[in-house]
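**Student:** My structure is below; once you've seen it, I'll send some questions.
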Amino acid sequence: MVGRLVLAEGKGRLRLSEDRLGPLTAVRAAVYAPEGLAPWRLRRRLARAERALVRAGAGRVVLSADFPYRDRLTLLRPVDPLPFWRGCADVLALGALEAEGVPPARGRVALSAPRLCPELEGAAERLCPRVRGLLIDAPEGEDYARYLQAKFGLPVTPPAAGADVTAAFGPGGGRWGRSVELYEGGSLNGLELGADGVELPPDCAGQVLALLWERGEVGREALRARRA
């Protein structure tokens with residue numbers, strides 16, 4: 001069971017209700033936090049809401065993007081879409097190419113990271129049959145690029161040649177063209193992930209899609225990255 005924690009204006013008592021998050025059903029708790037509410041009262045109300053959601057069977061919680069008290073939660077773990085985004089870096093890179101008007105068969109993608117990681121390697125091997133070239137911007141990246149060239153016949157693109165878009169797995173390294181930043185504090189740079197035939201709530205779409213992905217209810221073939 002997943003929880004849904006929201007802030008409500010005005011006065012009222014804590015009450016749980018069922019909430020539909022696209023194809024998911026969540027248990028919803030509203031925390032009344034009128035302007036001028038004393039900090040100690042807010043802490044108490046948040047704690048009461050967390051305890052109620054846990055008693056209802058929730059272990060994780062979906063929050064709106066602008067929920068200001070994420071760091072004050074102690075019992076529930078907010079759903080983090082970042083691991084999902086990193087695991088779908090190839091889909092995001094293809095979406096970035098589309099946003100730039102570059103067909104994949106003519107596009108070059110840079111994969112940048114502070115070190116080679118499974119997410120980068122997975123994205124590279126899935127992109128190889130679809131794009132014109134890959135640029136691997138990471139320590140030992142040249143050796144890995146040669147491996148990809150030997151396995152897939154894909155040209156090794158040197159940094160000087162550049163790329164049309166970048167999927168970055170860390171804050172350092174190069175950036176070429178439109179960049180999706182797949183690390184804490186990064187940005188999808190105007191893109192969003194969706195899935196064919198799945199209607200998502202706009203204020204928490206990434207979290208809901210991440211949950212569907214974790215549960216195996218959405219596959220990679222259904223994912224699409226497009227302009228937000």
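Chains: A, B, ... in order of the structure tokens. Residues: from 1 per chain. Ligands: from 1, in order shown.
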May I have all residues of region 1-225 of chain A that DSSP, computed from the backbone, assigns to strand (DSSP E), given as an mmCIF file with all heavy atoms, in the first residue's frame?
**Tutor:**
data_model
loop_
_atom_site.group_PDB
_atom_site.id
_atom_site.type_symbol
_atom_site.label_atom_id
_atom_site.label_comp_id
_atom_site.auth_asym_id
_atom_site.auth_seq_id
_atom_site.Cartn_x
_atom_site.Cartn_y
_atom_site.Cartn_z
ATOM 1 N N VAL A 2 0.494 2.213 -0.804
ATOM 2 C CA VAL A 2 1.218 3.476 -0.841
ATOM 3 C C VAL A 2 0.334 4.554 -0.238
ATOM 4 O O VAL A 2 -0.892 4.529 -0.378
ATOM 5 C CB VAL A 2 1.622 3.839 -2.284
ATOM 6 C CG1 VAL A 2 0.404 4.072 -3.165
ATOM 7 C CG2 VAL A 2 2.514 5.070 -2.311
ATOM 8 N N GLY A 3 0.963 5.493 0.466
ATOM 9 C CA GLY A 3 0.243 6.600 1.060
ATOM 10 C C GLY A 3 0.337 7.844 0.194
ATOM 11 O O GLY A 3 1.217 7.960 -0.665
ATOM 12 N N ARG A 4 -0.569 8.761 0.424
ATOM 13 C CA ARG A 4 -0.581 10.051 -0.263
ATOM 14 C C ARG A 4 -0.769 11.114 0.810
ATOM 15 O O ARG A 4 -1.778 11.128 1.516
ATOM 16 C CB ARG A 4 -1.725 10.086 -1.270
ATOM 17 C CG ARG A 4 -1.928 11.435 -1.945
ATOM 18 C CD ARG A 4 -0.931 11.623 -3.040
ATOM 19 N NE ARG A 4 -1.377 12.595 -4.016
ATOM 20 C CZ ARG A 4 -0.690 13.688 -4.357
ATOM 21 N NH1 ARG A 4 0.470 13.952 -3.778
ATOM 22 N NH2 ARG A 4 -1.147 14.504 -5.279
ATOM 23 N N LEU A 5 0.223 11.984 0.970
ATOM 24 C CA LEU A 5 0.193 13.011 2.008
ATOM 25 C C LEU A 5 0.095 14.368 1.339
ATOM 26 O O LEU A 5 0.909 14.715 0.484
ATOM 27 C CB LEU A 5 1.470 12.921 2.855
ATOM 28 C CG LEU A 5 1.566 13.803 4.103
ATOM 29 C CD1 LEU A 5 0.417 13.522 5.060
ATOM 30 C CD2 LEU A 5 2.900 13.567 4.809
ATOM 31 N N VAL A 6 -0.933 15.126 1.724
ATOM 32 C CA VAL A 6 -1.161 16.437 1.118
ATOM 33 C C VAL A 6 -1.386 17.471 2.207
ATOM 34 O O VAL A 6 -1.765 17.145 3.335
ATOM 35 C CB VAL A 6 -2.380 16.422 0.164
ATOM 36 C CG1 VAL A 6 -2.166 15.424 -0.968
ATOM 37 C CG2 VAL A 6 -3.664 16.110 0.916
ATOM 38 N N LEU A 7 -1.140 18.727 1.862
ATOM 39 C CA LEU A 7 -1.437 19.838 2.748
ATOM 40 C C LEU A 7 -2.795 20.406 2.392
ATOM 41 O O LEU A 7 -3.164 20.493 1.216
ATOM 42 C CB LEU A 7 -0.372 20.931 2.625
ATOM 43 C CG LEU A 7 1.043 20.565 3.077
ATOM 44 C CD1 LEU A 7 1.973 21.748 2.876
ATOM 45 C CD2 LEU A 7 1.062 20.114 4.534
ATOM 46 N N ALA A 8 -3.554 20.796 3.399
ATOM 47 C CA ALA A 8 -4.883 21.379 3.189
ATOM 48 C C ALA A 8 -4.949 22.722 3.912
ATOM 49 O O ALA A 8 -4.354 22.902 4.975
ATOM 50 C CB ALA A 8 -5.964 20.444 3.701
ATOM 51 N N LEU A 16 -8.535 9.948 6.893
ATOM 52 C CA LEU A 16 -8.008 9.154 5.794
ATOM 53 C C LEU A 16 -9.100 8.880 4.773
ATOM 54 O O LEU A 16 -10.267 8.716 5.124
ATOM 55 C CB LEU A 16 -7.446 7.827 6.310
ATOM 56 C CG LEU A 16 -6.317 7.898 7.331
ATOM 57 C CD1 LEU A 16 -5.806 6.497 7.647
ATOM 58 C CD2 LEU A 16 -5.189 8.783 6.872
ATOM 59 N N SER A 17 -8.692 8.832 3.508
ATOM 60 C CA SER A 17 -9.633 8.530 2.444
ATOM 61 C C SER A 17 -8.892 7.812 1.323
ATOM 62 O O SER A 17 -7.658 7.803 1.281
ATOM 63 C CB SER A 17 -10.298 9.809 1.904
ATOM 64 O OG SER A 17 -9.319 10.700 1.397
ATOM 65 N N GLU A 18 -9.642 7.232 0.422
ATOM 66 C CA GLU A 18 -9.047 6.569 -0.732
ATOM 67 C C GLU A 18 -8.760 7.599 -1.810
ATOM 68 O O GLU A 18 -9.541 8.520 -2.042
ATOM 69 C CB GLU A 18 -10.003 5.504 -1.264
ATOM 70 C CG GLU A 18 -9.445 4.678 -2.412
ATOM 71 C CD GLU A 18 -10.388 3.595 -2.859
ATOM 72 O OE1 GLU A 18 -10.484 2.579 -2.153
ATOM 73 O OE2 GLU A 18 -11.051 3.782 -3.893
ATOM 74 N N ASP A 19 -7.614 7.455 -2.481
ATOM 75 C CA ASP A 19 -7.219 8.405 -3.513
ATOM 76 C C ASP A 19 -6.772 7.611 -4.742
ATOM 77 O O ASP A 19 -5.991 6.668 -4.629
ATOM 78 C CB ASP A 19 -6.064 9.280 -3.009
ATOM 79 C CG ASP A 19 -5.887 10.541 -3.832
ATOM 80 O OD1 ASP A 19 -6.669 10.755 -4.768
ATOM 81 O OD2 ASP A 19 -4.954 11.311 -3.529
ATOM 82 N N ARG A 20 -7.278 8.000 -5.906
ATOM 83 C CA ARG A 20 -6.867 7.360 -7.145
ATOM 84 C C ARG A 20 -5.715 8.137 -7.759
ATOM 85 O O ARG A 20 -5.818 9.337 -8.015
ATOM 86 C CB ARG A 20 -8.034 7.312 -8.129
ATOM 87 C CG ARG A 20 -9.161 6.391 -7.711
ATOM 88 C CD ARG A 20 -8.759 4.940 -7.686
ATOM 89 N NE ARG A 20 -8.321 4.457 -8.994
ATOM 90 C CZ ARG A 20 -7.872 3.227 -9.212
ATOM 91 N NH1 ARG A 20 -7.774 2.372 -8.219
ATOM 92 N NH2 ARG A 20 -7.506 2.871 -10.428
ATOM 93 N N LEU A 21 -4.601 7.445 -7.978
ATOM 94 C CA LEU A 21 -3.430 8.026 -8.626
ATOM 95 C C LEU A 21 -3.238 7.309 -9.955
ATOM 96 O O LEU A 21 -2.430 6.398 -10.077
ATOM 97 C CB LEU A 21 -2.193 7.875 -7.742
ATOM 98 C CG LEU A 21 -2.264 8.519 -6.354
ATOM 99 C CD1 LEU A 21 -1.007 8.217 -5.566
ATOM 100 C CD2 LEU A 21 -2.493 10.021 -6.463
ATOM 101 N N LEU A 24 -3.258 3.492 -9.831
ATOM 102 C CA LEU A 24 -2.977 3.074 -8.465
ATOM 103 C C LEU A 24 -4.025 3.604 -7.494
ATOM 104 O O LEU A 24 -4.591 4.680 -7.697
ATOM 105 C CB LEU A 24 -1.606 3.592 -8.013
ATOM 106 C CG LEU A 24 -0.371 3.061 -8.726
ATOM 107 C CD1 LEU A 24 0.877 3.679 -8.110
ATOM 108 C CD2 LEU A 24 -0.294 1.542 -8.637
ATOM 109 N N THR A 25 -4.254 2.844 -6.429
ATOM 110 C CA THR A 25 -5.092 3.303 -5.333
ATOM 111 C C THR A 25 -4.195 3.565 -4.132
ATOM 112 O O THR A 25 -3.384 2.717 -3.754
ATOM 113 C CB THR A 25 -6.155 2.257 -4.964
ATOM 114 O OG1 THR A 25 -6.979 2.018 -6.109
ATOM 115 C CG2 THR A 25 -7.023 2.757 -3.826
ATOM 116 N N ALA A 26 -4.327 4.753 -3.551
ATOM 117 C CA ALA A 26 -3.522 5.133 -2.392
ATOM 118 C C ALA A 26 -4.447 5.486 -1.232
ATOM 119 O O ALA A 26 -5.636 5.765 -1.420
ATOM 120 C CB ALA A 26 -2.635 6.319 -2.727
ATOM 121 N N VAL A 27 -3.901 5.470 -0.023
ATOM 122 C CA VAL A 27 -4.630 5.974 1.130
ATOM 123 C C VAL A 27 -4.127 7.389 1.391
ATOM 124 O O VAL A 27 -2.931 7.632 1.490
ATOM 125 C CB VAL A 27 -4.458 5.057 2.360
ATOM 126 C CG1 VAL A 27 -2.997 4.859 2.721
ATOM 127 C CG2 VAL A 27 -5.235 5.607 3.547
ATOM 128 N N ARG A 28 -5.041 8.330 1.444
ATOM 129 C CA ARG A 28 -4.729 9.755 1.475
ATOM 130 C C ARG A 28 -4.933 10.332 2.872
ATOM 131 O O ARG A 28 -5.938 10.047 3.526
ATOM 132 C CB ARG A 28 -5.622 10.488 0.480
ATOM 133 C CG ARG A 28 -5.426 11.990 0.369
ATOM 134 C CD ARG A 28 -6.412 12.519 -0.656
ATOM 135 N NE ARG A 28 -6.203 13.922 -0.975
ATOM 136 C CZ ARG A 28 -6.757 14.941 -0.323
ATOM 137 N NH1 ARG A 28 -7.545 14.691 0.713
ATOM 138 N NH2 ARG A 28 -6.523 16.175 -0.692
ATOM 139 N N ALA A 29 -3.966 11.123 3.300
ATOM 140 C CA ALA A 29 -4.081 11.857 4.556
ATOM 141 C C ALA A 29 -3.839 13.338 4.284
ATOM 142 O O ALA A 29 -2.849 13.695 3.643
ATOM 143 C CB ALA A 29 -3.071 11.344 5.577
ATOM 144 N N ALA A 30 -4.749 14.173 4.751
ATOM 145 C CA ALA A 30 -4.612 15.618 4.582
ATOM 146 C C ALA A 30 -4.157 16.238 5.897
ATOM 147 O O ALA A 30 -4.753 15.998 6.951
ATOM 148 C CB ALA A 30 -5.937 16.230 4.141
ATOM 149 N N VAL A 31 -3.082 17.019 5.818
ATOM 150 C CA VAL A 31 -2.571 17.738 6.984
ATOM 151 C C VAL A 31 -3.016 19.189 6.864
ATOM 152 O O VAL A 31 -2.655 19.880 5.906
ATOM 153 C CB VAL A 31 -1.029 17.657 7.060
ATOM 154 C CG1 VAL A 31 -0.502 18.508 8.209
ATOM 155 C CG2 VAL A 31 -0.587 16.213 7.222
ATOM 156 N N TYR A 32 -3.804 19.645 7.815
ATOM 157 C CA TYR A 32 -4.262 21.028 7.792
ATOM 158 C C TYR A 32 -3.171 21.924 8.355
ATOM 159 O O TYR A 32 -2.741 21.763 9.502
ATOM 160 C CB TYR A 32 -5.558 21.175 8.587
ATOM 161 C CG TYR A 32 -6.732 20.538 7.868
ATOM 162 C CD1 TYR A 32 -7.054 19.196 8.087
ATOM 163 C CD2 TYR A 32 -7.476 21.258 6.961
ATOM 164 C CE1 TYR A 32 -8.106 18.600 7.401
ATOM 165 C CE2 TYR A 32 -8.533 20.678 6.280
ATOM 166 C CZ TYR A 32 -8.846 19.355 6.505
ATOM 167 O OH TYR A 32 -9.878 18.774 5.824
ATOM 168 N N ARG A 60 5.401 3.605 1.981
ATOM 169 C CA ARG A 60 5.971 4.677 1.177
ATOM 170 C C ARG A 60 4.881 5.709 0.921
ATOM 171 O O ARG A 60 3.686 5.406 1.035
ATOM 172 C CB ARG A 60 6.531 4.124 -0.136
ATOM 173 C CG ARG A 60 7.630 3.091 0.099
ATOM 174 C CD ARG A 60 7.990 2.363 -1.165
ATOM 175 N NE ARG A 60 8.779 3.198 -2.061
ATOM 176 C CZ ARG A 60 9.128 2.825 -3.285
ATOM 177 N NH1 ARG A 60 8.710 1.678 -3.776
ATOM 178 N NH2 ARG A 60 9.876 3.613 -4.033
ATOM 179 N N VAL A 61 5.316 6.900 0.540
ATOM 180 C CA VAL A 61 4.350 7.977 0.405
ATOM 181 C C VAL A 61 4.642 8.777 -0.866
ATOM 182 O O VAL A 61 5.798 9.006 -1.217
ATOM 183 C CB VAL A 61 4.363 8.888 1.644
ATOM 184 C CG1 VAL A 61 5.702 9.582 1.824
ATOM 185 C CG2 VAL A 61 3.235 9.908 1.605
ATOM 186 N N VAL A 62 3.573 9.161 -1.543
ATOM 187 C CA VAL A 62 3.652 10.014 -2.725
ATOM 188 C C VAL A 62 3.380 11.448 -2.284
ATOM 189 O O VAL A 62 2.401 11.714 -1.587
ATOM 190 C CB VAL A 62 2.632 9.567 -3.793
ATOM 191 C CG1 VAL A 62 2.550 10.584 -4.917
ATOM 192 C CG2 VAL A 62 3.007 8.199 -4.334
ATOM 193 N N ARG A 77 8.717 6.559 3.703
ATOM 194 C CA ARG A 77 9.768 6.836 2.725
ATOM 195 C C ARG A 77 9.143 7.401 1.454
ATOM 196 O O ARG A 77 8.368 6.712 0.780
ATOM 197 C CB ARG A 77 10.538 5.556 2.414
ATOM 198 C CG ARG A 77 11.706 5.733 1.460
ATOM 199 C CD ARG A 77 12.647 4.549 1.553
ATOM 200 N NE ARG A 77 11.984 3.289 1.286
ATOM 201 C CZ ARG A 77 11.982 2.677 0.100
ATOM 202 N NH1 ARG A 77 12.605 3.231 -0.933
ATOM 203 N NH2 ARG A 77 11.368 1.524 -0.057
ATOM 204 N N PRO A 78 9.454 8.663 1.115
ATOM 205 C CA PRO A 78 8.902 9.224 -0.123
ATOM 206 C C PRO A 78 9.368 8.433 -1.343
ATOM 207 O O PRO A 78 10.499 7.963 -1.408
ATOM 208 C CB PRO A 78 9.464 10.652 -0.147
ATOM 209 C CG PRO A 78 9.764 10.973 1.285
ATOM 210 C CD PRO A 78 10.211 9.670 1.888
ATOM 211 N N ARG A 108 23.700 11.456 -32.443
ATOM 212 C CA ARG A 108 24.775 11.009 -31.551
ATOM 213 C C ARG A 108 24.386 11.348 -30.112
ATOM 214 O O ARG A 108 23.947 12.454 -29.819
ATOM 215 C CB ARG A 108 26.099 11.691 -31.905
ATOM 216 C CG ARG A 108 26.698 11.254 -33.239
ATOM 217 C CD ARG A 108 28.104 11.822 -33.383
ATOM 218 N NE ARG A 108 28.767 11.362 -34.586
ATOM 219 C CZ ARG A 108 28.755 12.017 -35.740
ATOM 220 N NH1 ARG A 108 28.118 13.182 -35.837
ATOM 221 N NH2 ARG A 108 29.369 11.524 -36.793
ATOM 222 N N VAL A 109 24.589 10.371 -29.235
ATOM 223 C CA VAL A 109 24.235 10.520 -27.820
ATOM 224 C C VAL A 109 25.498 10.419 -26.983
ATOM 225 O O VAL A 109 26.298 9.495 -27.155
ATOM 226 C CB VAL A 109 23.230 9.433 -27.379
ATOM 227 C CG1 VAL A 109 22.970 9.529 -25.876
ATOM 228 C CG2 VAL A 109 21.920 9.564 -28.160
ATOM 229 N N ALA A 110 25.674 11.364 -26.075
ATOM 230 C CA ALA A 110 26.763 11.305 -25.091
ATOM 231 C C ALA A 110 26.219 10.746 -23.785
ATOM 232 O O ALA A 110 25.145 11.152 -23.324
ATOM 233 C CB ALA A 110 27.355 12.690 -24.873
ATOM 234 N N LEU A 111 26.941 9.820 -23.198
ATOM 235 C CA LEU A 111 26.636 9.295 -21.867
ATOM 236 C C LEU A 111 27.773 9.703 -20.955
ATOM 237 O O LEU A 111 28.914 9.272 -21.144
ATOM 238 C CB LEU A 111 26.472 7.776 -21.914
ATOM 239 C CG LEU A 111 25.363 7.252 -22.835
ATOM 240 C CD1 LEU A 111 25.381 5.725 -22.871
ATOM 241 C CD2 LEU A 111 23.995 7.753 -22.393
ATOM 242 N N SER A 112 27.463 10.541 -19.987
ATOM 243 C CA SER A 112 28.483 11.136 -19.125
ATOM 244 C C SER A 112 28.289 10.666 -17.688
ATOM 245 O O SER A 112 27.156 10.624 -17.196
ATOM 246 C CB SER A 112 28.369 12.666 -19.195
ATOM 247 O OG SER A 112 29.254 13.282 -18.295
ATOM 248 N N GLY A 133 25.769 7.180 -33.302
ATOM 249 C CA GLY A 133 27.027 7.081 -32.570
ATOM 250 C C GLY A 133 26.832 7.376 -31.102
ATOM 251 O O GLY A 133 25.862 8.027 -30.694
ATOM 252 N N LEU A 134 27.745 6.861 -30.283
ATOM 253 C CA LEU A 134 27.758 7.111 -28.849
ATOM 254 C C LEU A 134 29.081 7.735 -28.446
ATOM 255 O O LEU A 134 30.134 7.387 -28.987
ATOM 256 C CB LEU A 134 27.577 5.813 -28.058
ATOM 257 C CG LEU A 134 26.179 5.208 -27.928
ATOM 258 C CD1 LEU A 134 26.257 3.962 -27.073
ATOM 259 C CD2 LEU A 134 25.208 6.200 -27.321
ATOM 260 N N LEU A 135 29.005 8.647 -27.486
ATOM 261 C CA LEU A 135 30.190 9.227 -26.877
ATOM 262 C C LEU A 135 30.150 8.843 -25.401
ATOM 263 O O LEU A 135 29.196 9.181 -24.700
ATOM 264 C CB LEU A 135 30.170 10.746 -27.052
ATOM 265 C CG LEU A 135 31.420 11.567 -26.683
ATOM 266 C CD1 LEU A 135 31.320 12.967 -27.296
ATOM 267 C CD2 LEU A 135 31.598 11.709 -25.179
ATOM 268 N N ILE A 136 31.148 8.107 -24.934
ATOM 269 C CA ILE A 136 31.196 7.680 -23.540
ATOM 270 C C ILE A 136 32.168 8.595 -22.795
ATOM 271 O O ILE A 136 33.381 8.498 -22.988
ATOM 272 C CB ILE A 136 31.625 6.205 -23.403
ATOM 273 C CG1 ILE A 136 30.759 5.309 -24.288
ATOM 274 C CG2 ILE A 136 31.545 5.780 -21.943
ATOM 275 C CD1 ILE A 136 29.295 5.287 -23.944
ATOM 276 N N ASP A 137 31.626 9.474 -21.979
ATOM 277 C CA ASP A 137 32.432 10.450 -21.242
ATOM 278 C C ASP A 137 32.519 10.018 -19.780
ATOM 279 O O ASP A 137 31.736 10.442 -18.928
ATOM 280 C CB ASP A 137 31.801 11.842 -21.364
ATOM 281 C CG ASP A 137 32.596 12.901 -20.621
ATOM 282 O OD1 ASP A 137 33.838 12.867 -20.691
ATOM 283 O OD2 ASP A 137 31.971 13.743 -19.952
ATOM 284 N N VAL A 165 22.797 15.130 -27.977
ATOM 285 C CA VAL A 165 22.185 15.195 -26.652
ATOM 286 C C VAL A 165 23.078 14.456 -25.666
ATOM 287 O O VAL A 165 23.947 13.660 -26.060
ATOM 288 C CB VAL A 165 20.766 14.576 -26.634
ATOM 289 C CG1 VAL A 165 19.833 15.318 -27.590
ATOM 290 C CG2 VAL A 165 20.813 13.096 -26.970
ATOM 291 N N THR A 166 22.846 14.696 -24.386
ATOM 292 C CA THR A 166 23.630 14.061 -23.320
ATOM 293 C C THR A 166 22.708 13.496 -22.255
ATOM 294 O O THR A 166 21.741 14.153 -21.848
ATOM 295 C CB THR A 166 24.570 15.079 -22.648
ATOM 296 O OG1 THR A 166 25.417 15.665 -23.630
ATOM 297 C CG2 THR A 166 25.422 14.418 -21.573
ATOM 298 N N ALA A 167 23.002 12.289 -21.802
ATOM 299 C CA ALA A 167 22.403 11.740 -20.589
ATOM 300 C C ALA A 167 23.519 11.690 -19.549
ATOM 301 O O ALA A 167 24.515 10.975 -19.735
ATOM 302 C CB ALA A 167 21.821 10.351 -20.831
ATOM 303 N N ALA A 168 23.383 12.477 -18.489
ATOM 304 C CA ALA A 168 24.452 12.633 -17.498
ATOM 305 C C ALA A 168 24.070 11.926 -16.198
ATOM 306 O O ALA A 168 22.998 12.176 -15.645
ATOM 307 C CB ALA A 168 24.714 14.111 -17.239
ATOM 308 N N ARG A 178 21.083 19.131 -25.786
ATOM 309 C CA ARG A 178 20.118 19.020 -24.688
ATOM 310 C C ARG A 178 20.575 17.935 -23.728
ATOM 311 O O ARG A 178 20.944 16.832 -24.146
ATOM 312 C CB ARG A 178 18.728 18.686 -25.237
ATOM 313 C CG ARG A 178 17.654 18.585 -24.151
ATOM 314 C CD ARG A 178 16.341 18.107 -24.740
ATOM 315 N NE ARG A 178 15.735 19.136 -25.577
ATOM 316 C CZ ARG A 178 14.806 19.992 -25.162
ATOM 317 N NH1 ARG A 178 14.381 19.949 -23.902
ATOM 318 N NH2 ARG A 178 14.305 20.887 -25.989
ATOM 319 N N SER A 179 20.540 18.228 -22.441
ATOM 320 C CA SER A 179 21.057 17.292 -21.446
ATOM 321 C C SER A 179 19.965 16.901 -20.464
ATOM 322 O O SER A 179 19.200 17.752 -19.991
ATOM 323 C CB SER A 179 22.238 17.923 -20.686
ATOM 324 O OG SER A 179 22.703 17.065 -19.679
ATOM 325 N N VAL A 180 19.870 15.609 -20.161
ATOM 326 C CA VAL A 180 19.037 15.139 -19.064
ATOM 327 C C VAL A 180 19.979 14.759 -17.927
ATOM 328 O O VAL A 180 20.942 14.017 -18.116
ATOM 329 C CB VAL A 180 18.134 13.958 -19.481
ATOM 330 C CG1 VAL A 180 17.044 14.439 -20.412
ATOM 331 C CG2 VAL A 180 18.906 12.834 -20.130
ATOM 332 N N GLU A 181 19.699 15.302 -16.741
ATOM 333 C CA GLU A 181 20.606 15.194 -15.599
ATOM 334 C C GLU A 181 20.063 14.157 -14.621
ATOM 335 O O GLU A 181 19.142 14.435 -13.851
ATOM 336 C CB GLU A 181 20.744 16.557 -14.914
ATOM 337 C CG GLU A 181 21.011 17.714 -15.875
ATOM 338 C CD GLU A 181 22.431 17.713 -16.410
ATOM 339 O OE1 GLU A 181 23.292 17.091 -15.758
ATOM 340 O OE2 GLU A 181 22.667 18.314 -17.462
ATOM 341 N N LEU A 191 11.775 17.591 -20.334
ATOM 342 C CA LEU A 191 11.194 16.322 -20.765
ATOM 343 C C LEU A 191 10.435 15.670 -19.617
ATOM 344 O O LEU A 191 10.658 15.990 -18.448
ATOM 345 C CB LEU A 191 12.278 15.362 -21.254
ATOM 346 C CG LEU A 191 13.104 15.786 -22.469
ATOM 347 C CD1 LEU A 191 14.135 14.711 -22.773
ATOM 348 C CD2 LEU A 191 12.223 16.042 -23.680
ATOM 349 N N GLU A 192 9.553 14.758 -19.942
ATOM 350 C CA GLU A 192 8.881 13.942 -18.944
ATOM 351 C C GLU A 192 8.656 12.552 -19.514
ATOM 352 O O GLU A 192 8.543 12.386 -20.729
ATOM 353 C CB GLU A 192 7.550 14.558 -18.515
ATOM 354 C CG GLU A 192 6.525 14.651 -19.630
ATOM 355 C CD GLU A 192 5.216 15.273 -19.184
ATOM 356 O OE1 GLU A 192 5.156 15.731 -18.024
ATOM 357 O OE2 GLU A 192 4.261 15.315 -19.986
ATOM 358 N N LEU A 193 8.614 11.575 -18.636
ATOM 359 C CA LEU A 193 8.345 10.208 -19.047
ATOM 360 C C LEU A 193 6.863 9.908 -18.889
ATOM 361 O O LEU A 193 6.230 10.293 -17.908
ATOM 362 C CB LEU A 193 9.156 9.220 -18.200
ATOM 363 C CG LEU A 193 10.603 8.985 -18.621
ATOM 364 C CD1 LEU A 193 11.340 8.200 -17.539
ATOM 365 C CD2 LEU A 193 10.681 8.252 -19.948
ATOM 366 N N GLY A 194 6.315 9.227 -19.876
ATOM 367 C CA GLY A 194 4.956 8.741 -19.808
ATOM 368 C C GLY A 194 4.909 7.330 -20.348
ATOM 369 O O GLY A 194 5.927 6.768 -20.773
ATOM 370 N N ALA A 195 3.716 6.739 -20.328
ATOM 371 C CA ALA A 195 3.551 5.375 -20.829
ATOM 372 C C ALA A 195 2.286 5.310 -21.663
ATOM 373 O O ALA A 195 1.262 5.899 -21.308
ATOM 374 C CB ALA A 195 3.480 4.382 -19.669
ATOM 375 N N LEU A 223 7.153 2.933 -22.612
ATOM 376 C CA LEU A 223 7.600 4.243 -22.146
ATOM 377 C C LEU A 223 7.873 5.192 -23.297
ATOM 378 O O LEU A 223 8.390 4.788 -24.329
ATOM 379 C CB LEU A 223 8.852 4.096 -21.281
ATOM 380 C CG LEU A 223 8.701 3.327 -19.972
ATOM 381 C CD1 LEU A 223 10.050 3.193 -19.293
ATOM 382 C CD2 LEU A 223 7.704 4.025 -19.045
ATOM 383 N N ARG A 224 7.562 6.461 -23.073
ATOM 384 C CA ARG A 224 7.844 7.516 -24.034
ATOM 385 C C ARG A 224 8.341 8.739 -23.270
ATOM 386 O O ARG A 224 7.811 9.079 -22.210
ATOM 387 C CB ARG A 224 6.578 7.891 -24.819
ATOM 388 C CG ARG A 224 5.948 6.752 -25.607
ATOM 389 C CD ARG A 224 6.804 6.336 -26.795
ATOM 390 N NE ARG A 224 6.178 5.243 -27.553
ATOM 391 C CZ ARG A 224 6.396 3.959 -27.324
ATOM 392 N NH1 ARG A 224 7.239 3.590 -26.368
ATOM 393 N NH2 ARG A 224 5.799 3.028 -28.043
ATOM 394 N N ALA A 225 9.368 9.377 -23.819
ATOM 395 C CA ALA A 225 9.848 10.637 -23.250
ATOM 396 C C ALA A 225 9.481 11.747 -24.233
ATOM 397 O O ALA A 225 9.767 11.656 -25.425
ATOM 398 C CB ALA A 225 11.359 10.598 -23.044
#
**Student:** Can you list, as a count of residues only, every protein, DNA or RNA residue that comes within 6 Å of region 82-88 of chain A when you count only C-alpha atoms, leaving out same-chain residues fewer than 5 positions away?
**Tutor:** 3
**Student:** Based on the backbone DSSP call, show me all residues of chain A assigned alpha helix (DSSP H), as a ChimeraX atom specification.
**Tutor:** /A:39-55,82-87,89-99,118-127,141-152,205-214
**Student:** Given only C-alpha atoms as the basis, pick out the residue of A:Pro158, A:Pro201, A:Pro81, A:Gly177 nearest to Pro23 (chain A).
**Tutor:**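 When distances to Pro23 (chain A) are compared using only C-alpha atoms, the smallest one comes from A:Pro201.
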**Student:** Just to confirm, what's the straight-line distance from CA of Asp164 (chain A) to CA of Val102 (chain A) in Å (one decimal)?
**Tutor:**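 Between these atoms lies a distance of 7.9 Å.
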**Student:** Smallest atom-to-atom distance to Ala56 (chain A): which of A:Leu212, A:Leu92, A:Ala124, A:Leu76, using only C-alpha atoms?
**Tutor:** A:Leu76
**Student:** Just to confirm, what's the straight-line distance from CA of Val79 (chain A) to CA of Ala99 (chain A) in Å (one decimal)?
**Tutor:**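 Distance between the two atoms: 27.4 Å.
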**Student:** So which one's closest to Gly170 (chain A), A:Ala33, A:Leu209, A:Gly216, A:Leu116? Using only C-alpha atoms, please.
**Tutor:**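 Going through A:Ala33, A:Leu209, A:Gly216, A:Leu116 one by one, the smallest distance to Gly170 (chain A) is for A:Leu116.
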**Student:** Taking only C-alpha atoms into account, which of A:Leu188, A:Met1, A:Leu154, A:Val91 comes nearest Gly219 (chain A)?
**Tutor:**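 Between A:Leu188, A:Met1, A:Leu154, A:Val91, the residue approaching Gly219 (chain A) most closely is A:Val91.
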**Student:** Identify which of the residues A:Arg115, A:Arg44, A:Lys11, A:Arg227 lies closest to Pro139 (chain A), counting only C-alpha atoms when measuring atom-to-atom distances.
**Tutor:**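 Residue with the minimum atom-to-atom distance to Pro139 (chain A): A:Arg115.
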**Student:** What is the CA of Asp196 (chain A)-CA of Trp213 (chain A) distance in Å, reported with one decimal?
**Tutor:**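 Straight-line distance from CA of Asp196 (chain A) to CA of Trp213 (chain A) works out to 13.0 Å.
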**Student:** A:Gly59, A:Leu120, A:Leu14, A:Arg106: which is nearest Ala89 (chain A), counting only C-alpha atoms?
**Tutor:**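 Among A:Gly59, A:Leu120, A:Leu14, A:Arg106, it is A:Leu120 that comes nearest to Ala89 (chain A).
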